[in-house]
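One file, protein_7.txt, is given below (compact mmCIF, N, CA and C atoms).
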# COMPACT_ATOMS: atom_id res chain seq x y z
N MET M 1 117.43 138.59 110.76
CA MET M 1 117.29 137.37 110.00
C MET M 1 115.90 137.34 109.36
N ALA M 2 115.83 136.99 108.09
CA ALA M 2 114.57 136.91 107.37
C ALA M 2 114.08 135.47 107.35
N ILE M 3 112.79 135.31 107.14
CA ILE M 3 112.27 133.95 107.01
C ILE M 3 112.78 133.32 105.72
N GLN M 4 112.80 132.01 105.69
CA GLN M 4 113.27 131.30 104.50
C GLN M 4 112.13 131.07 103.50
N ARG M 5 110.96 130.74 104.00
CA ARG M 5 109.80 130.46 103.15
C ARG M 5 108.59 130.25 104.05
N MET M 6 107.41 130.23 103.47
CA MET M 6 106.23 129.78 104.20
C MET M 6 106.16 128.28 104.00
N ASP M 7 106.14 127.52 105.09
CA ASP M 7 106.20 126.07 105.00
C ASP M 7 104.83 125.45 104.72
N ASN M 8 103.82 125.81 105.54
CA ASN M 8 102.48 125.27 105.30
C ASN M 8 101.44 126.07 106.04
N VAL M 9 100.20 125.82 105.70
CA VAL M 9 99.03 126.36 106.40
C VAL M 9 98.36 125.17 107.06
N GLY M 10 98.02 125.28 108.33
CA GLY M 10 97.38 124.18 109.05
C GLY M 10 95.88 124.41 109.18
N ILE M 11 95.11 123.35 108.96
CA ILE M 11 93.66 123.42 109.09
C ILE M 11 93.19 122.22 109.90
N VAL M 12 92.43 122.45 110.96
CA VAL M 12 91.86 121.39 111.77
C VAL M 12 90.52 120.99 111.16
N VAL M 13 90.34 119.68 110.95
CA VAL M 13 89.11 119.16 110.33
C VAL M 13 88.55 118.03 111.16
N GLU M 14 87.28 117.72 110.95
CA GLU M 14 86.67 116.56 111.60
C GLU M 14 86.77 115.32 110.71
N ASP M 15 86.62 115.50 109.40
CA ASP M 15 86.67 114.37 108.46
C ASP M 15 87.92 114.50 107.61
N LEU M 16 88.99 113.85 108.05
CA LEU M 16 90.28 113.96 107.38
C LEU M 16 90.22 113.40 105.97
N ASP M 17 89.56 112.26 105.79
CA ASP M 17 89.49 111.65 104.46
C ASP M 17 88.76 112.54 103.46
N ALA M 18 87.68 113.17 103.90
CA ALA M 18 86.93 114.06 103.01
C ALA M 18 87.76 115.29 102.64
N ALA M 19 88.49 115.82 103.60
CA ALA M 19 89.33 116.99 103.32
C ALA M 19 90.46 116.62 102.35
N ILE M 20 91.07 115.46 102.55
CA ILE M 20 92.11 115.00 101.63
C ILE M 20 91.53 114.86 100.23
N ALA M 21 90.38 114.20 100.10
CA ALA M 21 89.76 113.99 98.79
C ALA M 21 89.47 115.32 98.09
N PHE M 22 89.00 116.31 98.84
CA PHE M 22 88.70 117.62 98.29
C PHE M 22 89.95 118.27 97.71
N PHE M 23 91.02 118.31 98.49
CA PHE M 23 92.24 118.98 98.04
C PHE M 23 92.96 118.20 96.95
N VAL M 24 92.86 116.88 96.96
CA VAL M 24 93.43 116.08 95.87
C VAL M 24 92.65 116.34 94.58
N GLU M 25 91.34 116.43 94.67
CA GLU M 25 90.53 116.74 93.48
C GLU M 25 90.86 118.13 92.95
N LEU M 26 91.18 119.03 93.84
CA LEU M 26 91.59 120.38 93.44
C LEU M 26 92.89 120.35 92.64
N GLY M 27 93.70 119.33 92.86
CA GLY M 27 94.94 119.19 92.12
C GLY M 27 96.17 119.08 93.00
N MET M 28 95.96 119.08 94.32
CA MET M 28 97.08 118.92 95.24
C MET M 28 97.45 117.44 95.32
N GLU M 29 98.65 117.18 95.79
CA GLU M 29 99.13 115.81 95.91
C GLU M 29 99.29 115.46 97.38
N LEU M 30 98.83 114.26 97.75
CA LEU M 30 99.01 113.79 99.12
C LEU M 30 100.48 113.44 99.31
N GLU M 31 101.12 114.15 100.21
CA GLU M 31 102.53 113.93 100.48
C GLU M 31 102.71 112.83 101.51
N GLY M 32 101.78 112.73 102.46
CA GLY M 32 101.87 111.69 103.47
C GLY M 32 100.89 111.90 104.60
N ARG M 33 100.73 110.85 105.39
CA ARG M 33 99.87 110.87 106.58
C ARG M 33 100.68 110.37 107.76
N ALA M 34 100.34 110.84 108.93
CA ALA M 34 101.04 110.40 110.14
C ALA M 34 100.16 110.62 111.36
N GLU M 35 100.55 109.98 112.46
CA GLU M 35 99.92 110.24 113.74
C GLU M 35 100.92 111.02 114.58
N VAL M 36 100.44 112.07 115.22
CA VAL M 36 101.30 112.91 116.04
C VAL M 36 100.82 112.81 117.48
N GLU M 37 101.75 112.55 118.38
CA GLU M 37 101.43 112.52 119.81
C GLU M 37 102.71 112.60 120.60
N GLY M 38 102.57 112.84 121.90
CA GLY M 38 103.74 112.85 122.77
C GLY M 38 104.13 114.23 123.24
N PRO M 39 105.23 114.29 124.00
CA PRO M 39 105.65 115.53 124.64
C PRO M 39 105.90 116.68 123.66
N VAL M 40 106.50 116.41 122.53
CA VAL M 40 106.78 117.49 121.57
C VAL M 40 105.47 118.09 121.06
N ALA M 41 104.51 117.23 120.73
CA ALA M 41 103.21 117.72 120.25
C ALA M 41 102.53 118.55 121.33
N ASP M 42 102.57 118.08 122.58
CA ASP M 42 101.97 118.83 123.69
C ASP M 42 102.66 120.18 123.88
N GLN M 43 103.98 120.18 123.86
CA GLN M 43 104.73 121.41 124.07
C GLN M 43 104.47 122.41 122.95
N CYS M 44 104.46 121.94 121.74
CA CYS M 44 104.30 122.82 120.58
C CYS M 44 102.91 123.45 120.54
N THR M 45 101.88 122.67 120.85
CA THR M 45 100.50 123.16 120.74
C THR M 45 99.99 123.82 122.01
N GLY M 46 100.67 123.58 123.15
CA GLY M 46 100.18 124.11 124.42
C GLY M 46 98.99 123.32 124.95
N LEU M 47 98.79 122.12 124.43
CA LEU M 47 97.70 121.24 124.86
C LEU M 47 98.28 120.03 125.57
N ASP M 48 97.46 119.35 126.36
CA ASP M 48 97.89 118.14 127.05
C ASP M 48 97.26 116.91 126.41
N GLY M 49 98.05 115.87 126.23
CA GLY M 49 97.53 114.60 125.72
C GLY M 49 97.17 114.63 124.25
N VAL M 50 97.95 115.31 123.44
CA VAL M 50 97.64 115.43 122.01
C VAL M 50 97.77 114.06 121.33
N ARG M 51 96.73 113.69 120.61
CA ARG M 51 96.74 112.56 119.68
C ARG M 51 96.04 113.09 118.44
N CYS M 52 96.78 113.17 117.35
CA CYS M 52 96.28 113.86 116.17
C CYS M 52 96.72 113.11 114.92
N ASP M 53 95.79 112.91 114.00
CA ASP M 53 96.13 112.37 112.69
C ASP M 53 96.32 113.55 111.76
N ILE M 54 97.41 113.53 111.01
CA ILE M 54 97.67 114.63 110.08
C ILE M 54 97.90 114.09 108.68
N ALA M 55 97.62 114.93 107.71
CA ALA M 55 97.93 114.64 106.31
C ALA M 55 98.51 115.92 105.71
N MET M 56 99.55 115.77 104.94
CA MET M 56 100.17 116.91 104.27
C MET M 56 99.87 116.79 102.78
N VAL M 57 99.27 117.84 102.22
CA VAL M 57 99.04 117.90 100.78
C VAL M 57 99.84 119.06 100.23
N ARG M 58 100.33 118.91 99.00
CA ARG M 58 101.18 119.95 98.42
C ARG M 58 100.71 120.28 97.01
N THR M 59 101.04 121.49 96.60
CA THR M 59 100.74 121.91 95.24
C THR M 59 101.67 121.17 94.29
N PRO M 60 101.26 121.01 93.02
CA PRO M 60 102.09 120.27 92.07
C PRO M 60 103.51 120.83 91.91
N ASP M 61 103.69 122.13 92.11
CA ASP M 61 105.03 122.70 91.98
C ASP M 61 105.90 122.45 93.22
N GLY M 62 105.30 121.91 94.28
CA GLY M 62 106.03 121.57 95.49
C GLY M 62 106.33 122.74 96.41
N HIS M 63 105.84 123.94 96.08
CA HIS M 63 106.18 125.12 96.87
C HIS M 63 105.22 125.41 98.03
N SER M 64 104.01 124.90 97.97
CA SER M 64 103.01 125.23 99.00
C SER M 64 102.39 123.95 99.55
N ARG M 65 102.10 123.97 100.85
CA ARG M 65 101.52 122.81 101.51
C ARG M 65 100.39 123.22 102.45
N ILE M 66 99.48 122.29 102.65
CA ILE M 66 98.44 122.42 103.67
C ILE M 66 98.56 121.20 104.56
N GLU M 67 98.61 121.43 105.87
CA GLU M 67 98.59 120.35 106.84
C GLU M 67 97.18 120.23 107.38
N LEU M 68 96.54 119.12 107.10
CA LEU M 68 95.20 118.84 107.59
C LEU M 68 95.33 118.02 108.86
N ALA M 69 94.65 118.41 109.92
CA ALA M 69 94.79 117.74 111.22
C ALA M 69 93.44 117.36 111.79
N LYS M 70 93.32 116.10 112.21
CA LYS M 70 92.13 115.62 112.90
C LYS M 70 92.55 115.24 114.32
N TYR M 71 92.07 116.01 115.30
CA TYR M 71 92.41 115.74 116.69
C TYR M 71 91.54 114.63 117.25
N ARG M 72 92.19 113.62 117.82
CA ARG M 72 91.47 112.58 118.55
C ARG M 72 91.43 112.94 120.03
N SER M 73 92.49 113.62 120.51
CA SER M 73 92.47 114.18 121.85
C SER M 73 93.50 115.31 121.90
N PRO M 74 93.25 116.33 122.67
CA PRO M 74 91.97 116.59 123.32
C PRO M 74 90.89 116.83 122.28
N SER M 75 89.65 116.75 122.71
CA SER M 75 88.55 116.88 121.76
C SER M 75 88.55 118.26 121.10
N VAL M 76 88.05 118.28 119.89
CA VAL M 76 88.01 119.51 119.09
C VAL M 76 87.01 120.48 119.70
N ARG M 77 87.37 121.73 119.70
CA ARG M 77 86.45 122.79 120.14
C ARG M 77 85.81 123.41 118.91
N GLY M 78 84.51 123.58 118.95
CA GLY M 78 83.80 124.20 117.83
C GLY M 78 84.19 125.65 117.69
N ALA M 79 84.26 126.10 116.46
CA ALA M 79 84.64 127.48 116.19
C ALA M 79 83.45 128.30 115.70
N GLY M 80 82.26 127.83 115.98
CA GLY M 80 81.08 128.54 115.51
C GLY M 80 80.58 127.96 114.21
N PRO M 81 79.68 128.67 113.57
CA PRO M 81 79.08 128.14 112.34
C PRO M 81 80.11 127.96 111.23
N ARG M 82 79.91 126.95 110.43
CA ARG M 82 80.84 126.67 109.34
C ARG M 82 80.55 127.50 108.10
N ASN M 83 79.47 128.20 108.09
CA ASN M 83 79.15 129.04 106.93
C ASN M 83 79.40 130.51 107.26
N ARG M 84 80.51 130.76 107.97
CA ARG M 84 80.85 132.13 108.36
C ARG M 84 81.00 133.00 107.13
N PRO M 85 80.68 134.29 107.26
CA PRO M 85 80.84 135.19 106.12
C PRO M 85 82.32 135.44 105.85
N HIS M 86 82.60 135.93 104.68
CA HIS M 86 83.97 136.16 104.22
C HIS M 86 84.68 137.25 105.01
N ASN M 87 83.95 138.16 105.62
CA ASN M 87 84.57 139.30 106.30
C ASN M 87 84.78 139.09 107.80
N ILE M 88 84.86 137.84 108.25
CA ILE M 88 85.08 137.56 109.67
C ILE M 88 86.57 137.71 109.99
N LEU M 89 86.89 138.11 111.21
CA LEU M 89 88.29 138.28 111.60
C LEU M 89 89.03 136.95 111.56
N GLY M 90 90.29 137.00 111.21
CA GLY M 90 91.13 135.81 111.19
C GLY M 90 91.32 135.28 109.78
N THR M 91 91.95 134.13 109.70
CA THR M 91 92.18 133.53 108.39
C THR M 91 90.85 133.22 107.74
N HIS M 92 90.70 133.64 106.50
CA HIS M 92 89.39 133.44 105.90
C HIS M 92 89.41 132.68 104.58
N ARG M 93 90.57 132.49 103.96
CA ARG M 93 90.58 131.72 102.73
C ARG M 93 92.00 131.34 102.34
N ILE M 94 92.08 130.36 101.45
CA ILE M 94 93.33 129.98 100.80
C ILE M 94 93.06 130.17 99.32
N MET M 95 93.95 130.82 98.60
CA MET M 95 93.74 131.12 97.17
C MET M 95 94.65 130.26 96.32
N PHE M 96 94.07 129.71 95.24
CA PHE M 96 94.83 128.90 94.30
C PHE M 96 94.64 129.44 92.89
N ALA M 97 95.71 129.42 92.12
CA ALA M 97 95.63 129.72 90.69
C ALA M 97 95.23 128.42 89.98
N VAL M 98 94.26 128.51 89.08
CA VAL M 98 93.78 127.33 88.34
C VAL M 98 93.77 127.63 86.85
N ASP M 99 93.78 126.57 86.05
CA ASP M 99 93.74 126.72 84.59
C ASP M 99 92.34 127.02 84.09
N ASP M 100 91.33 126.35 84.68
CA ASP M 100 89.95 126.46 84.21
C ASP M 100 89.03 126.51 85.42
N ILE M 101 88.57 127.70 85.77
CA ILE M 101 87.81 127.90 87.00
C ILE M 101 86.48 127.15 86.99
N GLU M 102 85.79 127.17 85.84
CA GLU M 102 84.49 126.51 85.78
C GLU M 102 84.63 124.99 85.91
N ASP M 103 85.65 124.42 85.26
CA ASP M 103 85.89 122.98 85.39
C ASP M 103 86.27 122.62 86.83
N THR M 104 87.09 123.45 87.45
CA THR M 104 87.52 123.19 88.83
C THR M 104 86.33 123.19 89.77
N VAL M 105 85.45 124.18 89.64
CA VAL M 105 84.25 124.25 90.49
C VAL M 105 83.38 123.01 90.25
N ALA M 106 83.20 122.63 89.00
CA ALA M 106 82.37 121.46 88.67
C ALA M 106 82.95 120.18 89.28
N ARG M 107 84.27 120.02 89.24
CA ARG M 107 84.90 118.82 89.80
C ARG M 107 84.83 118.78 91.32
N LEU M 108 84.80 119.97 91.96
CA LEU M 108 84.77 120.02 93.42
C LEU M 108 83.37 119.91 94.00
N ARG M 109 82.35 120.17 93.20
CA ARG M 109 80.96 120.09 93.71
C ARG M 109 80.63 118.73 94.33
N PRO M 110 81.02 117.59 93.70
CA PRO M 110 80.73 116.30 94.33
C PRO M 110 81.44 116.11 95.67
N HIS M 111 82.41 116.94 95.97
CA HIS M 111 83.13 116.88 97.24
C HIS M 111 82.59 117.91 98.22
N GLY M 112 81.41 118.44 97.92
CA GLY M 112 80.74 119.37 98.83
C GLY M 112 80.98 120.83 98.58
N ALA M 113 81.72 121.18 97.54
CA ALA M 113 82.01 122.59 97.27
C ALA M 113 80.75 123.34 96.84
N VAL M 114 80.59 124.53 97.39
CA VAL M 114 79.47 125.41 97.05
C VAL M 114 80.05 126.80 96.82
N LEU M 115 79.62 127.44 95.75
CA LEU M 115 80.06 128.82 95.51
C LEU M 115 79.57 129.72 96.63
N VAL M 116 80.45 130.58 97.14
CA VAL M 116 80.08 131.55 98.17
C VAL M 116 79.28 132.67 97.52
N GLY M 117 79.73 133.13 96.38
CA GLY M 117 79.04 134.17 95.60
C GLY M 117 78.85 133.61 94.20
N GLU M 118 79.58 134.18 93.26
CA GLU M 118 79.54 133.68 91.89
C GLU M 118 80.91 133.91 91.26
N ILE M 119 81.13 133.34 90.11
CA ILE M 119 82.37 133.57 89.39
C ILE M 119 82.33 134.98 88.83
N ALA M 120 83.35 135.76 89.16
CA ALA M 120 83.38 137.17 88.76
C ALA M 120 84.58 137.43 87.86
N ARG M 121 84.40 138.39 86.98
CA ARG M 121 85.48 138.78 86.06
C ARG M 121 86.09 140.08 86.55
N PHE M 122 87.43 140.08 86.75
CA PHE M 122 88.14 141.30 87.12
C PHE M 122 88.83 141.81 85.86
N GLU M 123 88.24 142.87 85.32
CA GLU M 123 88.73 143.48 84.08
C GLU M 123 88.98 142.39 83.04
N ASP M 124 90.07 142.49 82.31
CA ASP M 124 90.42 141.44 81.35
C ASP M 124 91.56 140.59 81.89
N SER M 125 91.68 140.56 83.24
CA SER M 125 92.82 139.89 83.86
C SER M 125 92.51 138.52 84.45
N TYR M 126 91.42 138.44 85.24
CA TYR M 126 91.15 137.23 86.00
C TYR M 126 89.67 136.90 86.06
N LEU M 127 89.38 135.61 86.18
CA LEU M 127 88.10 135.12 86.68
C LEU M 127 88.39 134.70 88.11
N LEU M 128 87.52 135.08 89.04
CA LEU M 128 87.73 134.83 90.47
C LEU M 128 86.47 134.28 91.10
N CYS M 129 86.62 133.42 92.10
CA CYS M 129 85.47 133.01 92.90
C CYS M 129 85.96 132.45 94.23
N TYR M 130 85.03 132.37 95.16
CA TYR M 130 85.27 131.70 96.43
C TYR M 130 84.30 130.53 96.51
N ILE M 131 84.81 129.39 96.96
CA ILE M 131 83.95 128.24 97.22
C ILE M 131 84.13 127.85 98.67
N ARG M 132 83.08 127.28 99.22
CA ARG M 132 83.15 126.75 100.58
C ARG M 132 83.31 125.24 100.43
N GLY M 133 84.40 124.71 101.02
CA GLY M 133 84.70 123.30 100.92
C GLY M 133 84.37 122.58 102.22
N PRO M 134 85.03 121.44 102.46
CA PRO M 134 84.77 120.68 103.68
C PRO M 134 85.10 121.50 104.91
N GLU M 135 84.35 121.27 105.97
CA GLU M 135 84.57 121.95 107.25
C GLU M 135 84.32 123.45 107.16
N GLY M 136 83.71 123.92 106.06
CA GLY M 136 83.43 125.33 105.90
C GLY M 136 84.62 126.14 105.41
N ILE M 137 85.70 125.47 105.02
CA ILE M 137 86.91 126.15 104.56
C ILE M 137 86.59 126.92 103.28
N ILE M 138 86.95 128.20 103.24
CA ILE M 138 86.76 128.99 102.04
C ILE M 138 88.04 128.92 101.21
N VAL M 139 87.86 128.52 99.96
CA VAL M 139 88.97 128.40 99.01
C VAL M 139 88.71 129.38 97.89
N GLY M 140 89.69 130.22 97.60
CA GLY M 140 89.61 131.14 96.47
C GLY M 140 90.23 130.50 95.24
N LEU M 141 89.63 130.74 94.10
CA LEU M 141 90.15 130.26 92.82
C LEU M 141 90.35 131.45 91.91
N ALA M 142 91.47 131.48 91.20
CA ALA M 142 91.78 132.56 90.27
C ALA M 142 92.28 131.98 88.96
N GLN M 143 91.60 132.33 87.88
CA GLN M 143 92.03 131.91 86.54
C GLN M 143 92.51 133.15 85.81
N GLN M 144 93.78 133.18 85.46
CA GLN M 144 94.32 134.30 84.70
C GLN M 144 93.83 134.20 83.27
N LEU M 145 93.32 135.32 82.74
CA LEU M 145 92.85 135.35 81.36
C LEU M 145 94.02 135.75 80.48
N ARG M 146 94.14 135.11 79.37
CA ARG M 146 95.28 135.39 78.48
C ARG M 146 94.90 136.29 77.36
Show me this structure written as structure tokens.
Amino acid sequence: MAIQRMDNVGIVVEDLDAAIAFFVELGMELEGRAEVEGPVADQCTGLDGVRCDIAMVRTPDGHSRIELAKYRSPSVRGAGPRNRPHNILGTHRIMFAVDDIEDTVARLRPHGAVLVGEIARFEDSYLLCYIRGPEGIIVGLAQQLR
């Protein structure tokens, strides 16, 4: 049996409102917010006493989602520095196709976005960059050149 689709990527954050604002400014749409708790949440996560606020944001085409989660209990465990380098083991970025990379970076700066390197040109195909957003999340941006 094959998978049907990738449903979402989950990211644990401390400031849920700031993370929502960042991804909405990027162009995602807030699909909804909810509180998650109880036996199913505990069983699924392998944690006891889960109380978590979540928000689901989706891309405009409706095909991709990010689930942002703020744990109220059990308390969040730190994962080390938020300015980790790009070559660290594990999930390291989410990549989005954008129409105008420079405009996107400019709009995200007031939401805390900082370029990890610089905007780079890959042949005559793409402009690419990585930005660090809220909670140290690295977001890749790709603008296809026509």
**OP:** Write out as an MDAnalysis selection string each polymer residue whose atoms come within 6 Å of range 113-115 of chain M, counting only N, CA and C atoms; drop sequence neighbours fewer than 3 positions from it.
**Re:** chainID M and resid 108:110 118 130:134
**OP:** Give me the residues within 7 Å of range 33-41 of chain M as a PyMOL selection string, counting all atoms listed in the file and dropping any in the same chain fewer than 3 places off.
**Re:** chain M and resi 30+44-47+49-56
Selected residues, N, CA and C atoms, written as a compact mmCIF listing (two decimals), in the coordinates of the input, please.
# COMPACT_ATOMS: atom_id res chain seq x y z
N LEU M 30 98.83 114.26 97.75
CA LEU M 30 99.01 113.79 99.12
C LEU M 30 100.48 113.44 99.31
N CYS M 44 104.46 121.94 121.74
CA CYS M 44 104.30 122.82 120.58
C CYS M 44 102.91 123.45 120.54
N THR M 45 101.88 122.67 120.85
CA THR M 45 100.50 123.16 120.74
C THR M 45 99.99 123.82 122.01
N GLY M 46 100.67 123.58 123.15
CA GLY M 46 100.18 124.11 124.42
C GLY M 46 98.99 123.32 124.95
N LEU M 47 98.79 122.12 124.43
CA LEU M 47 97.70 121.24 124.86
C LEU M 47 98.28 120.03 125.57
N GLY M 49 98.05 115.87 126.23
CA GLY M 49 97.53 114.60 125.72
C GLY M 49 97.17 114.63 124.25
N VAL M 50 97.95 115.31 123.44
CA VAL M 50 97.64 115.43 122.01
C VAL M 50 97.77 114.06 121.33
N ARG M 51 96.73 113.69 120.61
CA ARG M 51 96.74 112.56 119.68
C ARG M 51 96.04 113.09 118.44
N CYS M 52 96.78 113.17 117.35
CA CYS M 52 96.28 113.86 116.17
C CYS M 52 96.72 113.11 114.92
N ASP M 53 95.79 112.91 114.00
CA ASP M 53 96.13 112.37 112.69
C ASP M 53 96.32 113.55 111.76
N ILE M 54 97.41 113.53 111.01
CA ILE M 54 97.67 114.63 110.08
C ILE M 54 97.90 114.09 108.68
N ALA M 55 97.62 114.93 107.71
CA ALA M 55 97.93 114.64 106.31
C ALA M 55 98.51 115.92 105.71
N MET M 56 99.55 115.77 104.94
CA MET M 56 100.17 116.91 104.27
C MET M 56 99.87 116.79 102.78
**OP:** Give the strand (DSSP E or B) residues of range 16-100 of chain M, as assigned by DSSP on the backbone, as a ChimeraX atom specification.
**Re:** /M:29-37,51-58,65-73,94-97
Original post:
Between M:Tyr126, M:Asp7, M:His63, M:Arg146, which is the closest to Ala97 in chain M once you count only C-alpha atoms?
Top reply: M:Tyr126
**OP:** One decimal, Å: what's the distance from atom C of Thr104 in chain M over to atom C of Asp15 in chain M, could you say?
**Re:** 19.9 Å
What lies within 6.5 Å of range 10-12 of chain M using all atoms listed in the file, ignoring chain neighbours under 6 positions off, as a PDB file with N, CA and C atoms, keeping the file's coordinate frame?
ATOM      1  N   ILE M  66      99.480 122.290 102.650  1.00  0.00           N
ATOM      2  CA  ILE M  66      98.440 122.420 103.670  1.00  0.00           C
ATOM      3  C   ILE M  66      98.560 121.200 104.560  1.00  0.00           C
ATOM      4  N   GLU M  67      98.610 121.430 105.870  1.00  0.00           N
ATOM      5  CA  GLU M  67      98.590 120.350 106.840  1.00  0.00           C
ATOM      6  C   GLU M  67      97.180 120.230 107.380  1.00  0.00           C
ATOM      7  N   LEU M  68      96.540 119.120 107.100  1.00  0.00           N
ATOM      8  CA  LEU M  68      95.200 118.840 107.590  1.00  0.00           C
ATOM      9  C   LEU M  68      95.330 118.020 108.860  1.00  0.00           C
ATOM     10  N   ALA M  69      94.650 118.410 109.920  1.00  0.00           N
ATOM     11  CA  ALA M  69      94.790 117.740 111.220  1.00  0.00           C
ATOM     12  C   ALA M  69      93.440 117.360 111.790  1.00  0.00           C
ATOM     13  N   LYS M  70      93.320 116.100 112.210  1.00  0.00           N
ATOM     14  CA  LYS M  70      92.130 115.620 112.900  1.00  0.00           C
ATOM     15  C   LYS M  70      92.550 115.240 114.320  1.00  0.00           C
ATOM     16  N   TYR M  71      92.070 116.010 115.300  1.00  0.00           N
ATOM     17  CA  TYR M  71      92.410 115.740 116.690  1.00  0.00           C
ATOM     18  C   TYR M  71      91.540 114.630 117.250  1.00  0.00           C
TER      19      TYR M  71
END
Original post:
Which residue out of M:Arg107, M:Arg5, M:Arg93, M:Arg77 has the minimum interatomic distance to Val24 in chain M when only C-alpha atoms are used?
Top reply: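 Answer, going by the shortest atom-to-atom distance: M:Arg107.
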Because the input lacks atoms here, generate N, CA, C and O atoms for range 65-80 of chain M and report them as a PDB file, keeping the file's coordinate frame.
ATOM      1  N   ARG M  65     102.100 123.970 100.850  1.00  0.00           N
ATOM      2  CA  ARG M  65     101.520 122.810 101.510  1.00  0.00           C
ATOM      3  C   ARG M  65     100.390 123.220 102.450  1.00  0.00           C
ATOM      4  O   ARG M  65     100.407 124.324 102.998  1.00  0.00           O
ATOM      5  N   ILE M  66      99.480 122.290 102.650  1.00  0.00           N
ATOM      6  CA  ILE M  66      98.440 122.420 103.670  1.00  0.00           C
ATOM      7  C   ILE M  66      98.560 121.200 104.560  1.00  0.00           C
ATOM      8  O   ILE M  66      98.627 120.062 104.078  1.00  0.00           O
ATOM      9  N   GLU M  67      98.610 121.430 105.870  1.00  0.00           N
ATOM     10  CA  GLU M  67      98.590 120.350 106.840  1.00  0.00           C
ATOM     11  C   GLU M  67      97.180 120.230 107.380  1.00  0.00           C
ATOM     12  O   GLU M  67      96.674 121.148 108.021  1.00  0.00           O
ATOM     13  N   LEU M  68      96.540 119.120 107.100  1.00  0.00           N
ATOM     14  CA  LEU M  68      95.200 118.840 107.590  1.00  0.00           C
ATOM     15  C   LEU M  68      95.330 118.020 108.860  1.00  0.00           C
ATOM     16  O   LEU M  68      96.073 117.027 108.884  1.00  0.00           O
ATOM     17  N   ALA M  69      94.650 118.410 109.920  1.00  0.00           N
ATOM     18  CA  ALA M  69      94.790 117.740 111.220  1.00  0.00           C
ATOM     19  C   ALA M  69      93.440 117.360 111.790  1.00  0.00           C
ATOM     20  O   ALA M  69      92.527 118.184 111.828  1.00  0.00           O
ATOM     21  N   LYS M  70      93.320 116.100 112.210  1.00  0.00           N
ATOM     22  CA  LYS M  70      92.130 115.620 112.900  1.00  0.00           C
ATOM     23  C   LYS M  70      92.550 115.240 114.320  1.00  0.00           C
ATOM     24  O   LYS M  70      93.304 114.281 114.505  1.00  0.00           O
ATOM     25  N   TYR M  71      92.070 116.010 115.300  1.00  0.00           N
ATOM     26  CA  TYR M  71      92.410 115.740 116.690  1.00  0.00           C
ATOM     27  C   TYR M  71      91.540 114.630 117.250  1.00  0.00           C
ATOM     28  O   TYR M  71      90.316 114.697 117.152  1.00  0.00           O
ATOM     29  N   ARG M  72      92.190 113.620 117.820  1.00  0.00           N
ATOM     30  CA  ARG M  72      91.470 112.580 118.550  1.00  0.00           C
ATOM     31  C   ARG M  72      91.430 112.940 120.030  1.00  0.00           C
ATOM     32  O   ARG M  72      90.490 112.578 120.719  1.00  0.00           O
ATOM     33  N   SER M  73      92.490 113.620 120.510  1.00  0.00           N
ATOM     34  CA  SER M  73      92.470 114.180 121.850  1.00  0.00           C
ATOM     35  C   SER M  73      93.500 115.310 121.900  1.00  0.00           C
ATOM     36  O   SER M  73      94.492 115.251 121.185  1.00  0.00           O
ATOM     37  N   PRO M  74      93.250 116.330 122.670  1.00  0.00           N
ATOM     38  CA  PRO M  74      91.970 116.590 123.320  1.00  0.00           C
ATOM     39  C   PRO M  74      90.890 116.830 122.280  1.00  0.00           C
ATOM     40  O   PRO M  74      91.185 117.082 121.111  1.00  0.00           O
ATOM     41  N   SER M  75      89.650 116.750 122.710  1.00  0.00           N
ATOM     42  CA  SER M  75      88.550 116.880 121.760  1.00  0.00           C
ATOM     43  C   SER M  75      88.550 118.260 121.100  1.00  0.00           C
ATOM     44  O   SER M  75      89.005 119.243 121.681  1.00  0.00           O
ATOM     45  N   VAL M  76      88.050 118.280 119.890  1.00  0.00           N
ATOM     46  CA  VAL M  76      88.010 119.510 119.090  1.00  0.00           C
ATOM     47  C   VAL M  76      87.010 120.480 119.700  1.00  0.00           C
ATOM     48  O   VAL M  76      85.926 120.090 120.131  1.00  0.00           O
ATOM     49  N   ARG M  77      87.370 121.730 119.700  1.00  0.00           N
ATOM     50  CA  ARG M  77      86.450 122.790 120.140  1.00  0.00           C
ATOM     51  C   ARG M  77      85.810 123.410 118.910  1.00  0.00           C
ATOM     52  O   ARG M  77      86.500 123.725 117.940  1.00  0.00           O
ATOM     53  N   GLY M  78      84.510 123.580 118.950  1.00  0.00           N
ATOM     54  CA  GLY M  78      83.800 124.200 117.830  1.00  0.00           C
ATOM     55  C   GLY M  78      84.190 125.650 117.690  1.00  0.00           C
ATOM     56  O   GLY M  78      84.457 126.349 118.661  1.00  0.00           O
ATOM     57  N   ALA M  79      84.260 126.100 116.460  1.00  0.00           N
ATOM     58  CA  ALA M  79      84.640 127.480 116.190  1.00  0.00           C
ATOM     59  C   ALA M  79      83.450 128.300 115.700  1.00  0.00           C
ATOM     60  O   ALA M  79      83.611 129.310 115.059  1.00  0.00           O
ATOM     61  N   GLY M  80      82.260 127.830 115.980  1.00  0.00           N
ATOM     62  CA  GLY M  80      81.080 128.540 115.510  1.00  0.00           C
ATOM     63  C   GLY M  80      80.580 127.960 114.210  1.00  0.00           C
ATOM     64  O   GLY M  80      80.998 126.886 113.786  1.00  0.00           O
TER      65      GLY M  80
END
